[in-house]
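Accompanying notes for the structure given below.
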Amino acid sequence: MSSVDRKPAGLLRRLLRIPIWVYRVRLGWLFGHRLVYIAHRGRRTGARREVVAEVVRHTPIPPEVVVIAAWGKDPDWYLNLRAAPAIELRVGAHRWQRPEHRFLDPADTLQVLLSYRQAHRHAWRRIAPALGFPADQDDPHWPEVAARVHAIAFTPAK
């Protein structure tokens with residue numbers, strides 16, 4: 001069981017929520033395209049919820065942001081997006097109201113993870129073990145890793 005198989009709690013949870021406050025005071029542009037703010041509705045309560053996730057792929061044209069739901073088996077924010085679309089997304093200086101999203105299949109998720117690993121080798125060496133991801137690109141466990149994490153691609157509403 002990796003350290004991210006359960007929800008963050010205590011001090012770690014507070015630290016991980018700091019970027020939400022940065023976005024709330026309209027300084028999210030400081031993160032560039034590395035972090036994304038996602039506002040969504042709770043699937044049971046309907047209350048507005050917020051999360052900030054790391055961007056694993058960003059394409060400016062056409063605009064698309066891909067994130068991985070990796071904390072916990074099925075993070076609440078991921079389950080909430082399964083139940084209803086996001087309310088708002090902020091990345092860099094951009095703000096998308098009611099963005100469209102799609103859930104990537106394991107094959108697409110695998111490509112995103114391998115591309116991220118290639119583009120961010122040093123970060124990958126630090127975060128891969130905590131997330132339970134293989135360090136080596138040729139590791140035979142990659143397909144099962146891609147099948148157990150959830151990748152979501154966001155685009156502005158048309």
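If you're wondering about the labels, chains in the structure tokens are A, B, ... by order shown, residues count from 1 in each chain, ligands from 1 in order shown.
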
Write out as a CSV table (one decimal) with N, CA and C atoms, in the first residue's frame each polymer residue whose atoms come within 6 Å of stretch 74-89 of chain A, counting only C-alpha atoms; drop sequence neighbours fewer than 3 positions from it.
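around_9.csv, freshly written:
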chain,number,residue,atom,x,y,z
A,37,TYR,N,-7.0,24.7,-10.6
A,37,TYR,CA,-8.1,24.8,-9.6
A,37,TYR,C,-9.3,24.3,-10.2
A,38,ILE,N,-10.0,23.3,-9.5
A,38,ILE,CA,-11.3,22.8,-10.0
A,38,ILE,C,-12.3,23.0,-8.9
A,39,ALA,N,-13.4,23.7,-9.3
A,39,ALA,CA,-14.6,23.8,-8.4
A,39,ALA,C,-15.6,22.9,-9.0
A,40,HIS,N,-16.3,22.1,-8.0
A,40,HIS,CA,-17.2,21.1,-8.4
A,40,HIS,C,-18.3,21.0,-7.3
A,42,GLY,N,-20.5,18.7,-4.6
A,42,GLY,CA,-20.6,17.5,-3.9
A,42,GLY,C,-21.7,16.6,-4.4
A,43,ARG,N,-21.4,15.3,-4.6
A,43,ARG,CA,-22.4,14.4,-5.2
A,43,ARG,C,-23.5,14.1,-4.2
A,95,ARG,N,-9.6,31.2,-16.9
A,95,ARG,CA,-10.7,30.8,-16.1
A,95,ARG,C,-11.8,30.2,-17.0
A,96,TRP,N,-12.1,29.0,-16.8
A,96,TRP,CA,-13.2,28.4,-17.7
A,96,TRP,C,-14.4,28.1,-16.8
A,97,GLN,N,-15.5,28.7,-17.2
A,97,GLN,CA,-16.8,28.4,-16.6
A,97,GLN,C,-17.4,27.1,-17.2
A,98,ARG,N,-17.9,26.2,-16.4
A,98,ARG,CA,-18.5,25.0,-16.8
A,98,ARG,C,-17.7,24.3,-17.9

Select from stretch 82-147 of chain A everything DSSP, run on the backbone, classes as strand (DSSP E or B), then give the selection as an NGL selection string.
-> :A and (88-91 or 94-97 or 100-103)

Of the candidates A:Gly132, A:Ile152, A:His141, A:Arg14, which shows the shortest atom-to-atom distance to A:His58, using only C-alpha atoms?
->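 The closest residue to A:His58 is A:Ile152.
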
DSSP alpha helix (DSSP H) residues within stretch 35-89 of chain A, as a JSON list (two decimals) with C-alpha atoms, in the first residue's frame:
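File written: states_35.json
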[["chain", "number", "residue", "atom", "x", "y", "z"],
["A", 76, "ASP", "CA", -14.05, 12.48, -3.50],
["A", 77, "TRP", "CA", -13.44, 15.17, -6.13],
["A", 78, "TYR", "CA", -13.10, 12.49, -8.81],
["A", 79, "LEU", "CA", -16.35, 10.81, -7.70],
["A", 80, "ASN", "CA", -18.03, 14.22, -7.68],
["A", 81, "LEU", "CA", -16.94, 14.82, -11.29],
["A", 82, "ARG", "CA", -18.33, 11.40, -12.19],
["A", 83, "ALA", "CA", -21.70, 12.55, -10.81]]

Who sits within 10 Å of stretch 109-113 of chain A, only C-alpha atoms, same chain under 2 positions skipped, as a VMD selection string | chain A and resid 56 to 57 66 to 68 103 to 107 115 to 119 124 133 137 142 to 152

Using the selection just defined, write its residues with N, CA and C atoms as a PDB file, in the first residue's frame.
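Dumped everything to selection-v9.pdb:
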ATOM      1  N   VAL A  56      -0.765  17.208 -15.487  1.00  0.00           N
ATOM      2  CA  VAL A  56       0.194  16.263 -16.056  1.00  0.00           C
ATOM      3  C   VAL A  56       0.343  16.450 -17.561  1.00  0.00           C
ATOM      4  N   ARG A  57      -0.610  17.155 -18.162  1.00  0.00           N
ATOM      5  CA  ARG A  57      -0.456  17.526 -19.578  1.00  0.00           C
ATOM      6  C   ARG A  57      -1.247  18.799 -19.825  1.00  0.00           C
ATOM      7  N   VAL A  66      -4.929  18.081 -18.472  1.00  0.00           N
ATOM      8  CA  VAL A  66      -5.168  16.720 -17.983  1.00  0.00           C
ATOM      9  C   VAL A  66      -4.594  16.602 -16.580  1.00  0.00           C
ATOM     10  N   VAL A  67      -5.398  16.021 -15.691  1.00  0.00           N
ATOM     11  CA  VAL A  67      -4.974  15.772 -14.315  1.00  0.00           C
ATOM     12  C   VAL A  67      -5.169  14.296 -13.997  1.00  0.00           C
ATOM     13  N   ILE A  68      -4.471  13.855 -12.964  1.00  0.00           N
ATOM     14  CA  ILE A  68      -4.587  12.478 -12.484  1.00  0.00           C
ATOM     15  C   ILE A  68      -5.152  12.519 -11.073  1.00  0.00           C
ATOM     16  N   PHE A 103     -13.168  11.403 -19.291  1.00  0.00           N
ATOM     17  CA  PHE A 103     -12.341  10.492 -18.508  1.00  0.00           C
ATOM     18  C   PHE A 103     -11.529   9.645 -19.475  1.00  0.00           C
ATOM     19  N   LEU A 104     -10.212   9.657 -19.312  1.00  0.00           N
ATOM     20  CA  LEU A 104      -9.345   8.927 -20.219  1.00  0.00           C
ATOM     21  C   LEU A 104      -9.384   7.435 -19.904  1.00  0.00           C
ATOM     22  N   ASP A 105      -9.274   6.629 -20.942  1.00  0.00           N
ATOM     23  CA  ASP A 105      -9.204   5.183 -20.738  1.00  0.00           C
ATOM     24  C   ASP A 105      -7.778   4.814 -20.317  1.00  0.00           C
ATOM     25  N   PRO A 106      -7.560   3.590 -19.848  1.00  0.00           N
ATOM     26  CA  PRO A 106      -6.223   3.209 -19.368  1.00  0.00           C
ATOM     27  C   PRO A 106      -5.108   3.392 -20.409  1.00  0.00           C
ATOM     28  N   ALA A 107      -5.384   3.157 -21.679  1.00  0.00           N
ATOM     29  CA  ALA A 107      -4.341   3.323 -22.702  1.00  0.00           C
ATOM     30  C   ALA A 107      -3.921   4.789 -22.815  1.00  0.00           C
ATOM     31  N   SER A 115       4.488  10.267 -20.822  1.00  0.00           N
ATOM     32  CA  SER A 115       4.918  11.585 -21.319  1.00  0.00           C
ATOM     33  C   SER A 115       5.335  12.488 -20.165  1.00  0.00           C
ATOM     34  N   TYR A 116       4.574  12.457 -19.091  1.00  0.00           N
ATOM     35  CA  TYR A 116       4.910  13.258 -17.917  1.00  0.00           C
ATOM     36  C   TYR A 116       6.250  12.804 -17.350  1.00  0.00           C
ATOM     37  N   ARG A 117       6.428  11.505 -17.249  1.00  0.00           N
ATOM     38  CA  ARG A 117       7.683  10.956 -16.743  1.00  0.00           C
ATOM     39  C   ARG A 117       8.862  11.432 -17.584  1.00  0.00           C
ATOM     40  N   GLN A 118       8.684  11.430 -18.896  1.00  0.00           N
ATOM     41  CA  GLN A 118       9.738  11.863 -19.812  1.00  0.00           C
ATOM     42  C   GLN A 118      10.034  13.356 -19.657  1.00  0.00           C
ATOM     43  N   ALA A 119       9.004  14.168 -19.520  1.00  0.00           N
ATOM     44  CA  ALA A 119       9.165  15.622 -19.458  1.00  0.00           C
ATOM     45  C   ALA A 119       9.664  16.106 -18.097  1.00  0.00           C
ATOM     46  N   TRP A 124       9.662  13.146 -11.275  1.00  0.00           N
ATOM     47  CA  TRP A 124       9.149  11.771 -11.311  1.00  0.00           C
ATOM     48  C   TRP A 124       9.885  10.880 -10.318  1.00  0.00           C
ATOM     49  N   PHE A 133       4.042   4.300  -8.469  1.00  0.00           N
ATOM     50  CA  PHE A 133       4.285   4.203  -9.909  1.00  0.00           C
ATOM     51  C   PHE A 133       5.685   3.658 -10.153  1.00  0.00           C
ATOM     52  N   GLN A 137      10.625   3.037 -17.274  1.00  0.00           N
ATOM     53  CA  GLN A 137       9.636   3.070 -18.356  1.00  0.00           C
ATOM     54  C   GLN A 137       9.326   1.671 -18.898  1.00  0.00           C
ATOM     55  N   TRP A 142       3.295  -1.166 -15.707  1.00  0.00           N
ATOM     56  CA  TRP A 142       2.682   0.079 -16.183  1.00  0.00           C
ATOM     57  C   TRP A 142       1.207  -0.073 -16.543  1.00  0.00           C
ATOM     58  N   PRO A 143       0.792  -1.109 -17.265  1.00  0.00           N
ATOM     59  CA  PRO A 143      -0.636  -1.211 -17.600  1.00  0.00           C
ATOM     60  C   PRO A 143      -1.547  -1.280 -16.372  1.00  0.00           C
ATOM     61  N   GLU A 144      -1.113  -1.975 -15.308  1.00  0.00           N
ATOM     62  CA  GLU A 144      -1.970  -2.022 -14.110  1.00  0.00           C
ATOM     63  C   GLU A 144      -1.986  -0.685 -13.398  1.00  0.00           C
ATOM     64  N   VAL A 145      -0.875   0.052 -13.433  1.00  0.00           N
ATOM     65  CA  VAL A 145      -0.846   1.391 -12.842  1.00  0.00           C
ATOM     66  C   VAL A 145      -1.829   2.295 -13.578  1.00  0.00           C
ATOM     67  N   ALA A 146      -1.784   2.271 -14.895  1.00  0.00           N
ATOM     68  CA  ALA A 146      -2.678   3.115 -15.705  1.00  0.00           C
ATOM     69  C   ALA A 146      -4.136   2.737 -15.501  1.00  0.00           C
ATOM     70  N   ALA A 147      -4.404   1.492 -15.187  1.00  0.00           N
ATOM     71  CA  ALA A 147      -5.784   1.051 -14.978  1.00  0.00           C
ATOM     72  C   ALA A 147      -6.317   1.446 -13.611  1.00  0.00           C
ATOM     73  N   ARG A 148      -5.423   1.686 -12.635  1.00  0.00           N
ATOM     74  CA  ARG A 148      -5.922   1.979 -11.282  1.00  0.00           C
ATOM     75  C   ARG A 148      -5.998   3.472 -10.967  1.00  0.00           C
ATOM     76  N   VAL A 149      -5.349   4.311 -11.771  1.00  0.00           N
ATOM     77  CA  VAL A 149      -5.468   5.754 -11.544  1.00  0.00           C
ATOM     78  C   VAL A 149      -6.473   6.326 -12.536  1.00  0.00           C
ATOM     79  N   HIS A 150      -6.941   7.509 -12.250  1.00  0.00           N
ATOM     80  CA  HIS A 150      -7.966   8.124 -13.089  1.00  0.00           C
ATOM     81  C   HIS A 150      -7.425   9.411 -13.692  1.00  0.00           C
ATOM     82  N   ALA A 151      -7.483   9.513 -15.007  1.00  0.00           N
ATOM     83  CA  ALA A 151      -7.062  10.729 -15.694  1.00  0.00           C
ATOM     84  C   ALA A 151      -8.297  11.426 -16.259  1.00  0.00           C
ATOM     85  N   ILE A 152      -8.342  12.740 -16.076  1.00  0.00           N
ATOM     86  CA  ILE A 152      -9.451  13.546 -16.561  1.00  0.00           C
ATOM     87  C   ILE A 152      -8.893  14.678 -17.406  1.00  0.00           C
TER      88      ILE A 152
END

Nearest-residue call for A:Val55, choices A:Ala123, A:Leu131, A:Ala70, A:Val36, using only C-alpha atoms |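 Nearest to A:Val55: A:Val36.
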
Give the answer as one residue: which of A:Arg41, A:Arg126, A:Arg24, A:Arg90 has the shortest atom-to-atom distance to A:Ala53, using only C-alpha atoms?
-> A:Arg90

Kindly indicate which residue among A:Ala93, A:Ile20, A:Ala157, A:Val25 lies nearest to A:Pro62, using only C-alpha atoms for the distances.
->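 Closest residue, counting only C-alpha atoms: A:Ala157.
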
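Taking only C-alpha atoms, the non-local environment of A:Glu100 within 7 Å (same-chain residues fewer than 4 positions away omitted) comprises Phe154, Thr155, Pro156 and Ala157 of chain A.
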
Straight-line distance linking atom CA of A:Trp29 with atom CA of A:Gly46, stated in Å to one decimal =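 The value is 28.1 Å.
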
Between atom CA of A:Arg17 and atom CA of A:Leu35, distance in Å (one decimal) =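 Rounded to one decimal, the two atoms are 12.0 Å apart.
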
Separation of atom CA of A:Arg48 from atom CA of A:Pro63, in Å and rounded to one decimal |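 That distance, rounded to one decimal, is 24.6 Å.
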
With distances taken over only C-alpha atoms, which of A:Glu64, A:Leu114, A:Ile18, A:Ala135 is nearest to A:Glu50?
->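 Distance minimum relative to A:Glu50 lands on A:Ile18.
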